[in-house]
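Accompanying notes for the structure given below.
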Amino acid sequence: MQLYPAIDIKNGQCVRLKQGLFDNVTVYSDTPADMAKLWESKGATFLHLVDLDGALSGRPVNLDAVRRILETVSIPVELGGGIRSKEVVKELLDLGVTRVIIGTRAVERPEFMKELTETFGSDRIVLGVDAKDGLVAVEGWEKVSSMKALELCQMMKEMGVRHVVYTDISRDGMLSGPNVEATKELTRQTGLNVIASGGVSSMEDLEALYEAGIAGAITGKALYEGRIPLEEAVRRFQTV
């Protein structure tokens, strides 16, 4: 299982939201690059970045903070939040981002994902599925669509997608435990490389995902609040 410490960026700061609510913000650092360096020093081998302002505005906003992170660490980075054009994907990959995460645009225009995987390769493009009660949410979680998460993933597999970040919004930032069953079912039914996000609160949660055969786990608030010691988590659960 690949572990991904999360760095959510808002107004150039490293923050966490509760349930994706933009008015429920905790600031953990004014310098996201320092957090990136800290997680790398504790054994992280991949970072998960989200441009929260970008997710709302529909275009990357915190590129300066992302650039500084890329200059500070030597490990790969994936980035999501407001990436809705081929030109922006190319710009980010050229900047040094390893994988880009596409959410809203994949729902609005599924063939866009086919264009991206054919142009940049399946390993550089990640589908971001944010689900509420099994239905896909878009535009920074502000709207819930009528499409089911499983339906979207199956469609995206046909478009060449191999990697999926699956977030259960109701659990995100709540430290209530991940939705292991839904993540496992998504993995089983699609055969995709599903990365669990939302609600990971303890080593026990990571163990449950690991035992369920989940490909990856994103951890945010639990790391920042000391509930998960990253070095030990990497030692016990990282197999990539």
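Chain labels A, B, ... are given in the sequence in which chains occur in the structure tokens; within each chain residues are numbered consecutively from 1, and ligands are likewise numbered from 1 in the order shown.
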*asked:* At a cut-off of 12 Å, using only C-alpha atoms, what residues contact A:Val194? Leave out same-chain residues fewer than 6 positions from it and give the result as a PyMOL selection string.
replied: chain A and resi 1-2+126-129+149-150+153+157+161-167+180+182-188+209+212-218
*Near-stretch 37-54 of chain A list (8 Å; only C-alpha atoms; drop same-chain fewer than 2 positions) as an NGL selection string*: :A and (2-11 or 33-35 or 56-62 or 69 or 72-73 or 75-83 or 140 or 218 or 230-231 or 234)
*Going by DSSP on the backbone, which bits of stretch 16-188 of chain A are helix (DSSP H, G or I)? Write them as a ChimeraX atom specification, please.*
/A:32-41,52-57,63-72,86-95,104-108,111-120,149-158,169-171,180-188
*Enumerate as JSON, numbers by chain all residues of stretch 29-153 of chain A assigned to strand (DSSP E or B) by DSSP on the backbone, naming them with the chain letters and numbers the document uses.*
{"A": [29, 47, 48, 49, 50, 51, 77, 78, 79, 80, 99, 100, 101, 102, 125, 126, 127, 128, 129, 130, 131, 132, 135, 136, 137, 138, 143, 144, 145, 146, 147, 148]}
Written file, previous selection with N, CA and C atoms, as a short mmCIF file (atom, residue, chain, number, x, y, z; two decimals), in the first residue's frame:
```cif
data_model
loop_
_atom_site.label_atom_id
_atom_site.label_comp_id
_atom_site.auth_asym_id
_atom_site.auth_seq_id
_atom_site.Cartn_x
_atom_site.Cartn_y
_atom_site.Cartn_z
N SER A 29 0.07 25.34 8.88
CA SER A 29 1.36 25.94 8.58
C SER A 29 1.20 27.04 7.55
N LEU A 47 3.60 12.50 -2.14
CA LEU A 47 2.76 13.49 -1.47
C LEU A 47 1.49 13.76 -2.29
N HIS A 48 0.40 14.03 -1.57
CA HIS A 48 -0.89 14.33 -2.18
C HIS A 48 -1.22 15.79 -1.90
N LEU A 49 -1.22 16.63 -2.93
CA LEU A 49 -1.49 18.06 -2.76
C LEU A 49 -2.86 18.41 -3.33
N VAL A 50 -3.55 19.29 -2.64
CA VAL A 50 -4.84 19.78 -3.15
C VAL A 50 -4.83 21.31 -3.10
N ASP A 51 -5.12 21.93 -4.23
CA ASP A 51 -5.27 23.38 -4.31
C ASP A 51 -6.75 23.67 -4.04
N VAL A 77 4.99 13.93 -6.45
CA VAL A 77 3.85 14.68 -5.92
C VAL A 77 2.68 14.54 -6.89
N GLU A 78 1.47 14.34 -6.33
CA GLU A 78 0.27 14.41 -7.17
C GLU A 78 -0.52 15.63 -6.72
N LEU A 79 -1.23 16.25 -7.66
CA LEU A 79 -1.92 17.51 -7.37
C LEU A 79 -3.32 17.51 -7.96
N GLY A 80 -4.29 17.95 -7.17
CA GLY A 80 -5.66 18.13 -7.64
C GLY A 80 -6.19 19.49 -7.24
N ARG A 99 1.73 13.39 -11.00
CA ARG A 99 0.38 13.00 -11.44
C ARG A 99 -0.59 14.13 -11.16
N VAL A 100 -1.53 14.33 -12.07
CA VAL A 100 -2.57 15.33 -11.84
C VAL A 100 -3.90 14.62 -11.63
N ILE A 101 -4.71 15.21 -10.76
CA ILE A 101 -5.99 14.61 -10.39
C ILE A 101 -7.12 15.43 -11.00
N ILE A 102 -7.98 14.75 -11.75
CA ILE A 102 -9.10 15.42 -12.42
C ILE A 102 -10.40 14.93 -11.81
N ILE A 125 -2.21 10.54 -15.00
CA ILE A 125 -3.57 11.09 -14.83
C ILE A 125 -4.34 10.28 -13.79
N VAL A 126 -4.92 10.97 -12.82
CA VAL A 126 -5.67 10.32 -11.74
C VAL A 126 -7.11 10.84 -11.76
N LEU A 127 -8.06 9.95 -11.62
CA LEU A 127 -9.46 10.34 -11.47
C LEU A 127 -9.74 10.63 -10.00
N GLY A 128 -10.28 11.80 -9.72
CA GLY A 128 -10.68 12.13 -8.35
C GLY A 128 -12.17 11.94 -8.19
N VAL A 129 -12.56 10.97 -7.39
CA VAL A 129 -13.98 10.71 -7.16
C VAL A 129 -14.33 11.11 -5.73
N ASP A 130 -15.11 12.16 -5.60
CA ASP A 130 -15.57 12.62 -4.30
C ASP A 130 -17.03 12.24 -4.17
N ALA A 131 -17.33 11.36 -3.23
CA ALA A 131 -18.69 10.82 -3.15
C ALA A 131 -19.39 11.17 -1.84
N LYS A 132 -20.68 11.44 -1.97
CA LYS A 132 -21.53 11.68 -0.81
C LYS A 132 -22.71 10.73 -0.96
N LEU A 135 -22.93 9.08 -4.31
CA LEU A 135 -23.08 9.92 -5.49
C LEU A 135 -21.90 10.88 -5.62
N VAL A 136 -21.53 11.18 -6.85
CA VAL A 136 -20.35 11.99 -7.11
C VAL A 136 -20.63 13.47 -6.92
N ALA A 137 -19.75 14.14 -6.15
CA ALA A 137 -19.84 15.59 -5.95
C ALA A 137 -18.81 16.29 -6.83
N VAL A 138 -19.14 17.51 -7.25
CA VAL A 138 -18.24 18.26 -8.15
C VAL A 138 -18.10 19.71 -7.66
N LYS A 143 -21.50 20.85 -5.27
CA LYS A 143 -22.68 20.27 -5.92
C LYS A 143 -22.58 18.75 -5.94
N VAL A 144 -23.72 18.08 -5.76
CA VAL A 144 -23.75 16.61 -5.85
C VAL A 144 -24.49 16.24 -7.13
N SER A 145 -23.85 15.40 -7.96
CA SER A 145 -24.45 15.00 -9.23
C SER A 145 -25.37 13.78 -9.00
N SER A 146 -25.94 13.29 -10.09
CA SER A 146 -26.82 12.11 -9.99
C SER A 146 -26.05 10.84 -10.35
N MET A 147 -24.75 10.97 -10.62
CA MET A 147 -23.97 9.81 -11.04
C MET A 147 -23.38 9.08 -9.85
N LYS A 148 -23.44 7.75 -9.91
CA LYS A 148 -22.87 6.94 -8.83
C LYS A 148 -21.36 6.81 -9.03
#
```
*Between atom CA of A:Ala65 and atom CA of A:Glu91, what is the distance, to one decimal in Å?*
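Interatomic distance here is 15.0 Å.
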